[in-house]
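Have a look at query-v4.cif below; it lists mmCIF, C-alpha atoms.
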data_model
loop_
_atom_site.label_atom_id
_atom_site.label_comp_id
_atom_site.auth_asym_id
_atom_site.auth_seq_id
_atom_site.Cartn_x
_atom_site.Cartn_y
_atom_site.Cartn_z
CA MET A 22 0.00 0.00 0.00
CA ARG A 23 1.45 3.36 -0.98
CA ALA A 24 1.98 6.06 1.65
CA ILE A 25 -0.85 8.26 0.36
CA GLU A 26 -3.29 5.36 0.40
CA PHE A 27 -2.27 4.46 3.92
CA THR A 28 -2.73 8.11 5.02
CA ARG A 29 -6.13 8.22 3.35
CA ALA A 30 -7.24 5.03 5.10
CA PHE A 31 -5.90 6.39 8.39
CA ALA A 32 -7.79 9.70 7.93
CA LEU A 33 -11.01 7.83 7.10
CA ALA A 34 -10.64 5.56 10.12
CA ALA A 35 -9.90 8.57 12.37
CA LEU A 36 -13.00 10.43 11.15
CA ILE A 37 -15.29 7.41 11.49
CA THR A 38 -13.96 6.87 15.00
CA ALA A 39 -14.53 10.57 15.76
CA ALA A 40 -18.13 10.33 14.52
CA LEU A 41 -18.83 7.23 16.61
CA ALA A 42 -17.08 8.61 19.69
CA GLY A 43 -18.81 11.97 19.14
CA SER A 44 -22.23 10.28 19.07
CA LEU A 45 -21.38 8.49 22.29
CA THR A 46 -20.09 11.58 24.13
CA ARG A 47 -23.12 13.59 23.00
CA TRP A 48 -25.48 10.87 24.17
CA GLU A 49 -23.67 10.60 27.50
CA SER A 50 -23.64 14.38 28.02
CA LEU A 51 -27.36 14.49 27.20
CA LYS A 52 -28.04 11.81 29.78
CA ALA A 53 -25.85 13.54 32.37
CA LYS A 54 -27.29 17.00 31.78
CA PRO A 55 -30.55 16.95 29.82
CA PRO A 56 -31.59 20.29 28.32
CA ARG A 57 -34.37 21.83 30.32
CA ALA A 58 -37.65 22.76 28.78
CA PRO A 59 -38.34 26.48 29.17
CA SER A 60 -39.37 27.13 32.76
CA SER A 61 -41.58 29.84 34.06
CA LEU A 62 -41.04 32.67 36.46
CA ASP A 63 -44.44 31.76 37.97
CA ALA A 64 -42.63 29.12 40.03
CA LEU A 65 -40.91 31.94 41.91
CA LEU A 66 -44.10 33.54 43.24
CA GLY A 67 -43.99 33.64 47.05
CA LEU A 68 -40.39 32.40 47.17
CA GLN A 69 -38.25 33.85 49.92
CA LEU A 70 -34.79 34.86 48.72
CA GLN A 71 -31.73 35.84 50.73
CA ASP A 72 -32.06 38.69 53.22
CA GLY A 73 -35.81 38.27 53.56
CA ALA A 74 -36.68 39.42 50.04
CA VAL A 75 -39.89 37.83 48.79
CA VAL A 76 -41.13 37.50 45.21
CA ASP A 77 -44.56 39.08 45.58
CA GLN A 78 -45.52 39.48 41.92
CA VAL A 79 -44.65 37.94 38.57
CA LEU A 80 -44.70 40.58 35.85
CA THR A 81 -45.56 40.23 32.18
CA GLN A 82 -45.46 43.91 31.28
CA PRO A 83 -43.39 45.49 29.80
CA THR A 84 -41.73 42.06 29.71
CA ASP A 85 -41.44 38.96 31.90
CA GLY A 86 -39.94 39.72 35.28
CA VAL A 87 -40.55 39.64 39.02
CA ARG A 88 -41.20 42.17 41.76
CA LEU A 89 -39.41 41.68 45.07
CA ARG A 90 -40.61 42.95 48.41
CA LEU A 91 -37.51 43.86 50.37
CA ALA A 92 -37.05 43.51 54.09
CA GLU A 93 -34.74 46.50 54.38
CA CYS A 94 -36.42 48.90 52.02
CA ARG A 95 -39.90 50.27 51.53
CA ASP A 96 -39.67 50.37 47.71
CA PRO A 97 -39.88 47.06 45.82
CA ALA A 98 -37.15 45.84 43.45
CA PHE A 99 -37.91 44.77 39.88
CA LEU A 100 -35.84 42.08 38.18
CA PHE A 101 -36.03 41.36 34.44
CA PRO A 102 -34.05 38.50 32.90
CA LEU A 103 -33.12 39.56 29.36
CA PRO A 104 -31.41 37.82 26.45
CA ILE A 105 -28.18 39.65 25.75
CA GLU A 106 -29.21 40.78 22.25
CA TRP A 107 -32.67 42.10 23.13
CA VAL A 108 -32.17 45.80 22.65
CA SER A 109 -35.80 46.83 22.17
CA THR A 110 -37.03 45.26 25.41
CA ALA A 111 -34.12 46.74 27.33
CA GLU A 112 -34.99 50.18 26.00
CA THR A 113 -38.69 49.76 26.70
CA ILE A 114 -37.99 48.75 30.31
CA THR A 115 -35.62 51.65 30.68
CA ARG A 116 -38.30 54.07 29.55
CA ALA A 117 -40.85 52.45 31.87
CA PHE A 118 -38.61 52.56 34.95
CA ALA A 119 -35.92 55.15 34.38
CA SER A 120 -36.59 57.99 36.75
CA ALA A 121 -35.07 59.65 39.75
CA ASP A 122 -37.00 57.13 41.88
CA HIS A 123 -35.12 54.11 40.53
CA LYS A 124 -31.52 53.10 40.04
CA MET A 125 -30.66 50.54 37.39
CA ILE A 126 -28.21 47.68 37.88
CA ASP A 127 -27.27 44.96 35.37
CA VAL A 128 -26.00 41.58 36.58
CA TYR A 129 -24.18 39.31 34.13
CA ARG A 130 -22.59 35.99 35.05
CA GLY A 131 -22.36 36.76 38.74
CA LYS A 132 -20.99 40.27 38.35
CA ILE A 133 -22.49 43.72 38.66
CA GLN A 134 -22.02 45.59 35.38
CA ARG A 135 -21.76 49.35 35.37
CA ASP A 136 -22.22 51.52 32.28
CA TRP A 137 -22.89 48.32 30.35
CA ARG A 138 -23.70 49.41 26.82
CA HIS A 139 -24.88 47.12 24.03
CA VAL A 140 -21.42 46.74 22.47
CA ASN A 141 -19.95 45.85 25.89
CA ARG A 142 -22.67 43.26 26.38
CA ILE A 143 -21.88 41.56 23.06
CA PHE A 144 -18.14 41.76 23.80
CA ASP A 145 -18.62 40.14 27.23
CA TYR A 146 -20.86 37.49 25.65
CA VAL A 147 -18.17 36.63 23.07
CA LYS A 148 -15.53 36.52 25.83
CA ALA A 149 -17.70 34.18 27.92
CA THR A 150 -18.44 31.94 24.95
CA VAL A 151 -14.85 31.74 23.70
CA GLY A 152 -13.55 31.31 27.24
CA SER A 153 -15.56 28.15 27.67
CA MET A 154 -15.08 26.50 24.30
CA GLY A 155 -15.69 23.02 25.63
CA GLY A 156 -18.04 23.74 28.49
CA ALA A 157 -21.67 24.69 28.41
CA THR A 158 -22.48 28.35 29.05
CA PRO A 159 -26.24 28.41 29.47
CA ASP A 160 -26.10 31.67 31.40
CA ALA A 161 -23.88 33.51 28.89
CA GLY A 162 -26.79 34.51 26.66
CA SER A 163 -28.79 36.37 29.32
CA TYR A 164 -28.42 39.00 32.01
CA VAL A 165 -30.69 40.41 34.67
CA ARG A 166 -31.68 44.05 34.79
CA ILE A 167 -32.62 45.25 38.28
CA TYR A 168 -34.45 48.43 39.27
CA LEU A 169 -34.11 49.41 42.89
CA GLY A 170 -35.62 52.28 44.80
CA ALA A 171 -33.21 55.20 44.59
CA HIS A 172 -32.73 55.25 48.34
CA CYS A 173 -32.42 51.48 48.86
CA GLN A 174 -29.01 50.25 49.93
CA VAL A 175 -28.58 46.59 49.03
CA ASP A 176 -25.38 44.55 49.26
CA GLU A 177 -24.06 43.68 45.80
CA ARG A 178 -23.74 40.00 46.76
CA LEU A 179 -27.48 39.91 47.43
CA LEU A 180 -28.26 41.46 44.03
CA VAL A 181 -26.10 38.82 42.35
CA ASP A 182 -27.83 36.06 44.31
CA TRP A 183 -31.33 37.31 43.47
CA ALA A 184 -30.38 37.73 39.82
CA SER A 185 -29.01 34.21 39.69
CA THR A 186 -32.22 32.76 41.16
CA VAL A 187 -34.40 34.65 38.67
CA LEU A 188 -32.18 33.69 35.75
CA ASP A 189 -32.28 30.01 36.72
CA HIS A 190 -36.04 30.08 36.32
CA SER A 191 -36.03 31.93 33.04
CA LEU A 192 -33.48 29.91 31.04
CA MET B 23 -7.81 -7.05 -2.41
CA GLY B 24 -6.74 -3.74 -0.85
CA LEU B 25 -8.96 -0.99 0.44
CA ASN B 26 -9.84 1.43 -2.30
CA VAL B 27 -10.27 4.53 -0.15
CA ARG B 28 -10.57 7.77 -2.09
CA ASP B 29 -10.44 11.41 -1.02
CA ARG B 30 -14.21 11.67 -1.34
CA HIS B 31 -14.64 8.90 1.26
CA VAL B 32 -12.57 10.94 3.70
CA MET B 33 -14.69 14.01 2.98
CA PHE B 34 -17.91 12.00 3.35
CA ALA B 35 -16.74 11.02 6.82
CA PHE B 36 -15.85 14.65 7.64
CA ALA B 37 -19.24 15.87 6.39
CA GLY B 38 -20.89 13.13 8.46
CA CYS B 39 -19.14 14.49 11.55
CA ALA B 40 -20.26 18.04 10.66
CA ALA B 41 -23.85 16.81 10.14
CA LEU B 42 -23.80 15.01 13.48
CA ALA B 43 -22.62 18.12 15.36
CA THR B 44 -24.97 20.51 13.54
CA LEU B 45 -28.14 18.44 13.65
CA TRP B 46 -27.55 17.34 17.25
CA HIS B 47 -27.22 20.96 18.28
CA ARG B 48 -30.25 22.12 16.31
CA ILE B 49 -32.67 19.26 16.89
CA VAL B 50 -31.75 17.79 20.27
CA LEU B 51 -30.38 20.75 22.24
CA ASP B 52 -32.13 23.78 20.70
CA GLY B 53 -35.27 21.79 19.95
CA VAL B 54 -35.80 20.54 23.49
CA ALA B 55 -34.71 23.80 25.12
CA SER B 56 -37.07 25.89 23.00
CA GLY B 57 -39.93 23.47 23.41
CA GLN B 58 -40.12 22.95 19.64
CA VAL B 59 -38.97 19.79 17.92
CA LEU B 60 -37.85 21.77 14.91
CA ASN B 61 -37.33 25.41 14.16
CA VAL B 62 -38.46 24.77 10.59
CA PRO B 63 -36.84 27.58 8.56
CA PHE B 64 -33.54 27.24 10.43
CA SER B 65 -33.50 23.45 10.25
CA ALA B 66 -34.47 23.55 6.57
CA GLY B 67 -31.59 25.92 5.80
CA GLU B 68 -29.03 23.80 7.62
CA ALA B 69 -30.37 20.51 6.26
CA LEU B 70 -30.22 21.89 2.71
CA ALA B 71 -26.62 23.10 3.16
CA LEU B 72 -25.61 19.70 4.57
CA PHE B 73 -27.32 17.92 1.67
CA ALA B 74 -25.51 20.23 -0.76
CA LEU B 75 -22.24 19.40 1.00
CA PHE B 76 -22.77 15.67 0.38
CA VAL B 77 -23.78 16.34 -3.25
CA VAL B 78 -20.60 18.36 -3.87
CA ILE B 79 -18.46 15.64 -2.26
CA THR B 80 -20.04 13.09 -4.63
CA ARG B 81 -18.62 15.18 -7.49
CA MET B 82 -15.09 14.52 -6.23
CA LYS B 83 -15.45 11.07 -7.86
CA ASN B 84 -12.18 9.11 -7.63
CA ASP B 85 -9.94 12.15 -8.08
CA THR B 86 -6.94 12.69 -5.84
CA LEU B 87 -7.23 16.23 -4.50
CA PHE B 88 -5.48 16.05 -1.11
CA THR B 89 -1.82 15.74 -0.20
CA ARG B 90 -0.75 13.54 2.71
CA VAL B 91 -0.35 16.60 4.91
CA GLU B 92 -3.88 17.78 4.12
CA LEU B 93 -5.29 14.34 4.89
CA LEU B 94 -3.50 14.35 8.24
CA ILE B 95 -4.80 17.86 9.01
CA ILE B 96 -8.37 16.78 8.19
CA ALA B 97 -7.97 13.70 10.39
CA ALA B 98 -6.59 15.82 13.25
CA LEU B 99 -9.43 18.36 12.92
CA GLY B 100 -11.89 15.47 13.01
CA VAL B 101 -10.92 14.84 16.64
CA ALA B 102 -12.84 18.05 17.45
CA PHE B 103 -16.13 16.27 16.72
CA VAL B 104 -15.54 13.86 19.60
CA PHE B 105 -16.32 16.68 22.05
CA PRO B 106 -20.03 17.32 22.59
CA SER B 107 -19.62 21.01 21.82
CA MET B 108 -20.89 22.88 18.79
CA LYS B 109 -18.29 25.59 19.36
CA ILE B 110 -15.39 23.16 19.02
CA ALA B 111 -17.05 21.55 16.00
CA CYS B 112 -17.45 25.01 14.43
CA ALA B 113 -13.75 25.74 15.03
CA ALA B 114 -12.81 22.54 13.14
CA MET B 115 -15.29 23.30 10.35
CA THR B 116 -13.94 26.85 10.01
CA ALA B 117 -10.33 25.64 9.83
CA THR B 118 -11.24 23.06 7.17
CA ALA B 119 -13.30 25.62 5.24
CA LEU B 120 -10.42 28.12 5.22
CA MET B 121 -8.09 25.39 3.96
CA PHE B 122 -10.43 24.64 1.04
CA VAL B 123 -11.96 27.96 0.13
CA MET B 124 -8.80 29.30 -1.53
CA ARG B 125 -8.14 26.13 -3.54
CA ARG B 126 -8.45 26.29 -7.32
CA ASP B 127 -10.56 23.15 -7.56
CA ALA B 128 -14.19 24.31 -7.67
CA ARG B 129 -15.37 21.28 -5.70
CA LEU B 130 -13.10 22.04 -2.76
CA THR B 131 -13.92 25.76 -2.95
CA SER B 132 -17.62 24.87 -2.82
CA ILE B 133 -17.10 22.56 0.17
CA GLY B 134 -15.27 25.42 1.92
CA GLN B 135 -18.09 27.85 1.11
CA LEU B 136 -20.75 25.48 2.42
CA LEU B 137 -18.81 24.78 5.63
CA LEU B 138 -18.30 28.53 6.16
CA ALA B 139 -22.02 29.12 5.54
CA LEU B 140 -22.95 26.50 8.15
CA VAL B 141 -20.58 27.99 10.74
CA SER B 142 -21.69 31.55 9.95
CA PHE B 143 -25.30 30.48 10.28
CA GLN B 144 -24.58 29.10 13.76
CA TYR B 145 -22.41 31.91 15.14
CA PHE B 146 -20.89 34.61 12.94
CA ALA B 147 -24.07 35.87 11.26
CA ARG B 148 -25.84 35.99 14.61
CA LEU B 149 -22.94 37.85 16.16
CA ILE B 150 -22.83 40.43 13.39
CA PHE B 151 -26.56 40.93 13.71
CA ASP B 152 -26.30 41.27 17.49
CA LEU B 153 -23.70 44.01 17.06
CA ILE B 154 -25.83 46.00 14.64
CA ALA B 155 -29.15 45.12 16.34
CA PRO B 156 -29.78 48.60 17.79
CA TYR B 157 -29.61 50.09 14.28
CA ALA B 158 -31.25 47.20 12.40
CA LEU B 159 -34.20 47.04 14.80
CA TRP B 160 -34.56 50.81 14.73
CA LEU B 161 -34.74 50.74 10.92
CA GLU B 162 -37.20 47.87 11.02
CA THR B 163 -39.40 49.70 13.51
CA ILE B 164 -39.50 52.69 11.14
CA ALA B 165 -40.32 50.38 8.19
CA VAL B 166 -43.18 48.69 10.03
CA THR B 167 -44.62 51.99 11.27
CA THR B 168 -44.48 53.36 7.70
CA LEU B 169 -46.23 50.27 6.33
CA LEU B 170 -48.89 50.65 9.01
CA SER B 171 -49.58 54.33 8.36
CA PRO B 172 -52.40 53.75 5.79
CA PHE B 173 -54.21 51.51 8.30
CA GLY B 174 -54.65 54.02 11.09
CA ASP B 175 -52.92 56.35 13.46
CA PHE B 176 -49.87 54.24 14.26
CA SER B 177 -46.84 55.95 15.73
CA ARG B 178 -43.31 55.10 16.78
CA ASP B 179 -41.81 55.83 20.18
CA GLY B 180 -38.21 54.65 20.30
CA PHE B 181 -38.42 50.93 19.59
CA ASP B 182 -42.17 50.82 20.36
CA ILE B 183 -44.85 50.72 17.67
CA VAL B 184 -47.97 52.22 19.20
CA GLY B 185 -51.42 51.55 17.72
CA PRO B 186 -54.38 53.96 17.68
CA ASN B 187 -55.90 52.04 20.62
CA GLY B 188 -52.66 52.27 22.62
CA PHE B 189 -51.66 48.67 21.89
CA THR B 190 -47.87 48.56 21.72
CA ILE B 191 -45.39 46.07 20.31
CA PHE B 192 -41.63 46.09 19.85
CA ILE B 193 -39.41 43.95 17.65
CA GLU B 194 -36.63 41.76 19.01
CA PRO B 195 -33.93 39.90 17.02
CA PRO B 196 -35.68 36.50 16.69
CA CYS B 197 -38.59 38.20 14.88
CA SER B 198 -36.47 40.61 12.91
CA ALA B 199 -36.54 40.39 9.13
CA PHE B 200 -32.86 41.28 8.96
CA HIS B 201 -32.05 38.47 11.38
CA ASN B 202 -33.73 35.94 9.08
CA ILE B 203 -31.66 36.99 6.06
CA SER B 204 -29.13 34.32 7.07
CA VAL B 205 -31.83 31.69 6.39
CA ALA B 206 -32.28 33.07 2.87
CA VAL B 207 -28.52 33.13 2.26
CA ILE B 208 -27.90 29.53 3.34
CA ILE B 209 -30.86 28.26 1.29
CA TRP B 210 -29.62 30.26 -1.72
CA LEU B 211 -26.10 28.82 -1.45
CA GLY B 212 -27.35 25.27 -0.85
CA LEU B 213 -29.63 25.31 -3.90
CA ILE B 214 -26.87 26.65 -6.16
CA LYS B 215 -24.29 24.12 -4.98
CA ILE B 216 -26.70 21.23 -5.47
CA GLU B 217 -27.09 22.27 -9.10
CA ARG B 218 -23.55 23.44 -9.97
CA LEU B 219 -20.24 24.56 -8.52
CA HIS B 220 -19.87 28.04 -10.04
CA PHE B 221 -21.88 31.18 -9.52
CA VAL B 222 -23.50 32.92 -12.50
CA ARG B 223 -24.68 36.52 -12.69
CA SER B 224 -28.35 35.66 -12.20
CA ASP B 225 -27.46 34.03 -8.84
CA TRP B 226 -26.75 37.47 -7.40
CA TRP B 227 -30.09 38.79 -8.61
CA ALA B 228 -31.73 35.74 -7.07
CA LEU B 229 -29.94 36.43 -3.78
CA ALA B 230 -31.14 40.05 -3.79
CA ALA B 231 -34.70 38.90 -4.53
CA MET B 232 -34.56 36.25 -1.79
CA ILE B 233 -33.35 38.81 0.76
CA GLY B 234 -36.11 41.20 -0.36
CA ALA B 235 -38.72 38.45 -0.04
CA THR B 236 -37.45 37.48 3.41
CA ILE B 237 -37.70 41.07 4.63
CA LEU B 238 -41.19 41.46 3.14
CA VAL B 239 -42.53 38.11 4.40
CA ASN B 240 -41.20 38.90 7.90
CA THR B 241 -42.37 42.48 7.98
CA ILE B 242 -46.00 41.87 6.95
CA PRO B 243 -46.79 39.64 9.98
CA ILE B 244 -45.25 42.27 12.27
CA THR B 245 -47.63 44.86 10.83
CA LEU B 246 -50.47 42.43 11.55
CA MET B 247 -49.22 41.82 15.10
CA ALA B 248 -49.31 45.54 15.78
CA GLN B 249 -53.12 45.62 15.26
CA SER B 250 -54.23 43.97 18.50
CA LEU B 251 -53.37 41.44 21.20
CA THR B 252 -55.39 38.73 19.41
CA MET B 253 -53.47 39.32 16.19
CA LEU B 254 -50.18 39.34 18.10
CA GLN B 255 -50.96 35.97 19.69
CA TYR B 256 -52.00 34.44 16.36
CA TRP B 257 -49.05 35.69 14.31
CA HIS B 258 -46.41 35.39 17.04
CA ASP B 259 -47.32 32.15 18.80
CA GLY B 260 -50.28 30.62 16.97
CA GLY B 261 -51.13 29.24 13.55
CA GLY B 262 -49.74 32.36 11.87
CA VAL B 263 -46.20 31.13 12.51
CA THR B 264 -46.76 28.10 10.26
CA ILE B 265 -48.27 30.30 7.56
CA VAL B 266 -45.27 32.66 7.62
CA THR B 267 -42.81 29.73 7.57
CA VAL B 268 -44.49 28.04 4.63
CA VAL B 269 -44.86 31.30 2.68
CA MET B 270 -41.22 32.16 3.32
CA LEU B 271 -39.85 28.77 2.25
CA VAL B 272 -42.12 28.57 -0.81
CA SER B 273 -41.21 32.10 -1.93
CA LEU B 274 -37.47 31.39 -1.55
CA LEU B 275 -37.80 28.19 -3.57
CA ALA B 276 -39.95 29.92 -6.19
CA ILE B 277 -37.39 32.72 -6.64
CA SER B 278 -34.63 30.15 -6.94
CA LEU B 279 -36.55 28.13 -9.57
CA LEU B 280 -37.53 31.27 -11.53
CA SER B 281 -33.94 32.44 -11.57
CA ARG B 282 -32.81 29.06 -12.92
CA ALA B 283 -35.54 29.07 -15.56
CA GLY B 284 -34.52 32.59 -16.57
CA SER B 285 -30.82 31.76 -16.87
CA ALA B 286 -31.20 28.35 -18.60
CA PRO B 287 -29.86 28.19 -22.17
CA LYS B 288 -32.71 28.48 -24.67
CA LEU B 289 -33.08 26.34 -27.77
CA ALA B 290 -33.43 28.21 -31.07
#
As structure tokens, how would this structure be written, given the file I've shared?
Amino acid sequence: MRAIEFTRAFALAALITAALAGSLTRWESLKAKPPRAPSSLDALLGLQLQDGAVVDQVLTQPTDGVRLRLAECRDPAFLFPLPIEWVSTAETITRAFASADHKMIDVYRGKIQRDWRHVNRIFDYVKATVGSMGGATPDAGSYVRIYLGAHCQVDERLLVDWASTVLDHSL
Amino acid sequence: MGLNVRDRHVMFAFAGCAALATLWHRIVLDGVASGQVLNVPFSAGEALALFALFVVITRMKNDTLFTRVELLIIAALGVAFVFPSMKIACAAMTATALMFVMRRDARLTSIGQLLLALVSFQYFARLIFDLIAPYALWLETIAVTTLLSPFGDFSRDGFDIVGPNGFTIFIEPPCSAFHNISVAVIIWLGLIKIERLHFVRSDWWALAAMIGATILVNTIPITLMAQSLTMLQYWHDGGGVTIVTVVMLVSLLAISLLSRAGSAPKLA
């Protein structure tokens, strides 16, 4: 058998093996971590989160979200899980809530984001996706926008925790 | 009797790996996660491109097109398909596509183009759209409001389209006509490559017409959705979705067939 024929046979065998092994690894990863059907924020209604915050209303306008009653603050907090590329909804929420009475906070992948413009969001999304080439990044495609009463002082770790809970139920 | 393995057999195996990764991602992962078995226009586009890939590989016949080094590179890139990750598979498909797309052999160039189209469809096209989304959606909102103007006192407020009765909708990327252009492009490329390897001038007219049809077929339902909540539910989540899908696919196929009929050599 000539060298080129041997190489061709080797390449074919390698690719067939890759296809068979790939089917197996995909099947195993599906069994280990089945994709979830879309869940609903309704499941959060009445849930007590950290620091005594309670989900007292599930919102559908201007988009799906929840209202939290806070233990330490008279004004409620509003949390909206948003796909990273949804610019229209983000703007509509901003117009509905942006006022001197509210401050806006974005939470993405466990971090508070300040001055997080659309281009930054896409850049962070690409970074998160490329950074986990092999791993799953179900949370990379969404963030949580929070509106708090202007005078409410809430620890950033709590905001991240609340955002993570809401996002878990919206993915 | 020795094995009579040809280059096309190697490429069939590579295309099989690409089909496994692509269809698994689209049907099993996206399908279950979105609650739909199939996202019909997207699945149709990918399935057509994959079919075209196999058709083009068939045209390799028994020709020797690869060097030993190229065969070893293809085999090494094939390892990427072992991992249950579409991203890694896309990296291998992109590397293979870039290796082929500059080759002088039209069959390899076509394989490269189809692989690039599949990868772009998954990631790059979406990324480009996401970057320009604020401008694309703004333009689309203006277009829909303009189309609606003969039907009543519709107005635009930022990204909102506000009806005379106060009913308001806004457009997000999954519904955007511009977003769905990638479906038209992959169907266009797949249909051409099934028929032949080279582009002709009428193909570019067909592409323009298919993009125009996609924008029109996507924009009309949005104008209907803006009328009322009932219309929104029907055209966004109800039976209207099937109508739009069928109309879109039929119009793309019709444009493609008309363009072929128009460019076919005529007998005297």
Report as a list in words all protein, DNA and RNA residues lying within 12 Å of A:Ala24, evaluated on all atoms listed in the file, omitting residues in the same chain fewer than 2 positions from it.
Met22, Glu26, Phe27, Thr28, Arg29, Ala30 and Phe31 of chain A; Thr89, Arg90, Val91, Leu93 and Leu94 of chain B
All residues 9 Å or closer to stretch 175-179 of chain A, all atoms listed in the file, same chain fewer than 4 positions away omitted, as a PyMOL selection string
chain A and resi 70-72+93-94+131-133+169+183-184
Which of these, B:Leu229, B:Ile193, B:Leu138, B:Ala74, has the shortest distance to chain A once you count all atoms listed in the file?
B:Ile193
Can you tell me which residues surround A:Val187 at a distance of at most 8 Å, considering all atoms listed in the file, apart from same-chain residues fewer than 2 positions away, and format the answer as a list in words?
Leu62, Leu65, Val87, Leu100, Pro102, Val165, Trp183, Ala184, Ser185, Asp189, His190 and Ser191 of chain A
Evaluate the PyMOL selection byres ((chain A and resi 117-125) around 6) on the structure here and hand back the selected residues as a list in words.
Ile114, Thr115, Arg116, Ile126, Ile167, Tyr168, Leu169, Gly170 and Ala171 of chain A
Between B:Ala155, B:Ala276, B:Val166, B:Ile79, smallest distance to chain A by all atoms listed in the file belongs to B:Ala155
Define the interface residues of chain B facing chain A as those within 7 Å, counting only C-alpha atoms, and report them as a PDB file with C-alpha atoms, keeping the file's coordinate frame.
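Now in iface.pdb:
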ATOM      1  CA  VAL B  27     -10.270   4.530  -0.150  1.00  0.00           C
ATOM      2  CA  ASP B  29     -10.440  11.410  -1.020  1.00  0.00           C
ATOM      3  CA  HIS B  31     -14.640   8.900   1.260  1.00  0.00           C
ATOM      4  CA  VAL B  32     -12.570  10.940   3.700  1.00  0.00           C
ATOM      5  CA  ALA B  35     -16.740  11.020   6.820  1.00  0.00           C
ATOM      6  CA  PHE B  36     -15.850  14.650   7.640  1.00  0.00           C
ATOM      7  CA  CYS B  39     -19.140  14.490  11.550  1.00  0.00           C
ATOM      8  CA  LEU B  51     -30.380  20.750  22.240  1.00  0.00           C
ATOM      9  CA  VAL B  54     -35.800  20.540  23.490  1.00  0.00           C
ATOM     10  CA  ALA B  55     -34.710  23.800  25.120  1.00  0.00           C
ATOM     11  CA  SER B  56     -37.070  25.890  23.000  1.00  0.00           C
ATOM     12  CA  GLY B  57     -39.930  23.470  23.410  1.00  0.00           C
ATOM     13  CA  ARG B  90      -0.750  13.540   2.710  1.00  0.00           C
ATOM     14  CA  LEU B  93      -5.290  14.340   4.890  1.00  0.00           C
ATOM     15  CA  LEU B  94      -3.500  14.350   8.240  1.00  0.00           C
ATOM     16  CA  ALA B  97      -7.970  13.700  10.390  1.00  0.00           C
ATOM     17  CA  GLY B 100     -11.890  15.470  13.010  1.00  0.00           C
ATOM     18  CA  VAL B 101     -10.920  14.840  16.640  1.00  0.00           C
ATOM     19  CA  PHE B 103     -16.130  16.270  16.720  1.00  0.00           C
ATOM     20  CA  VAL B 104     -15.540  13.860  19.600  1.00  0.00           C
ATOM     21  CA  PHE B 105     -16.320  16.680  22.050  1.00  0.00           C
ATOM     22  CA  PRO B 106     -20.030  17.320  22.590  1.00  0.00           C
ATOM     23  CA  SER B 107     -19.620  21.010  21.820  1.00  0.00           C
ATOM     24  CA  LYS B 109     -18.290  25.590  19.360  1.00  0.00           C
ATOM     25  CA  ILE B 110     -15.390  23.160  19.020  1.00  0.00           C
ATOM     26  CA  ASP B 152     -26.300  41.270  17.490  1.00  0.00           C
ATOM     27  CA  LEU B 153     -23.700  44.010  17.060  1.00  0.00           C
ATOM     28  CA  PRO B 156     -29.780  48.600  17.790  1.00  0.00           C
ATOM     29  CA  PHE B 181     -38.420  50.930  19.590  1.00  0.00           C
ATOM     30  CA  PHE B 192     -41.630  46.090  19.850  1.00  0.00           C
ATOM     31  CA  ILE B 193     -39.410  43.950  17.650  1.00  0.00           C
ATOM     32  CA  GLU B 194     -36.630  41.760  19.010  1.00  0.00           C
ATOM     33  CA  PRO B 195     -33.930  39.900  17.020  1.00  0.00           C
TER      34      PRO B 195
END
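Here atom CA of B:Ala119 is placed at a distance of 14.5 Å from atom CA of B:Phe34.
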Selection in question (the file shown): the PyMOL selection byres ((chain A and resi 161) around 8). Which residues does it include, as a PDB file with C-alpha atoms, in the frame of the given file?
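out08.pdb was written with the following content:
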ATOM      1  CA  TYR A 129     -24.180  39.310  34.130  1.00  0.00           C
ATOM      2  CA  ARG A 130     -22.590  35.990  35.050  1.00  0.00           C
ATOM      3  CA  TYR A 146     -20.860  37.490  25.650  1.00  0.00           C
ATOM      4  CA  ALA A 149     -17.700  34.180  27.920  1.00  0.00           C
ATOM      5  CA  THR A 150     -18.440  31.940  24.950  1.00  0.00           C
ATOM      6  CA  THR A 158     -22.480  28.350  29.050  1.00  0.00           C
ATOM      7  CA  PRO A 159     -26.240  28.410  29.470  1.00  0.00           C
ATOM      8  CA  ASP A 160     -26.100  31.670  31.400  1.00  0.00           C
ATOM      9  CA  GLY A 162     -26.790  34.510  26.660  1.00  0.00           C
ATOM     10  CA  SER A 163     -28.790  36.370  29.320  1.00  0.00           C
ATOM     11  CA  TYR A 164     -28.420  39.000  32.010  1.00  0.00           C
TER      12      TYR A 164
END
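Going from atom CA of B:Pro172 to atom CA of B:Gly260 covers 25.8 Å.
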Write out as a list in words each polymer residue whose atoms come within 9 Å of B:Val239, counting all atoms listed in the file; drop sequence neighbours fewer than 2 positions from it.
Ala199, Gly234, Ala235, Thr236, Ile237, Thr241, Ile242, Pro243, Val266, Thr267, Val269, Met270 and Ser273 of chain B
Please dump the current selection as a tab-separated table (two decimals), keeping the file's coordinate frame; keep C-alpha atoms.
chain	number	residue	atom	x	y	z
B	199	ALA	CA	-36.54	40.39	9.13
B	234	GLY	CA	-36.11	41.20	-0.36
B	235	ALA	CA	-38.72	38.45	-0.04
B	236	THR	CA	-37.45	37.48	3.41
B	237	ILE	CA	-37.70	41.07	4.63
B	241	THR	CA	-42.37	42.48	7.98
B	242	ILE	CA	-46.00	41.87	6.95
B	243	PRO	CA	-46.79	39.64	9.98
B	266	VAL	CA	-45.27	32.66	7.62
B	267	THR	CA	-42.81	29.73	7.57
B	269	VAL	CA	-44.86	31.30	2.68
B	270	MET	CA	-41.22	32.16	3.32
B	273	SER	CA	-41.21	32.10	-1.93
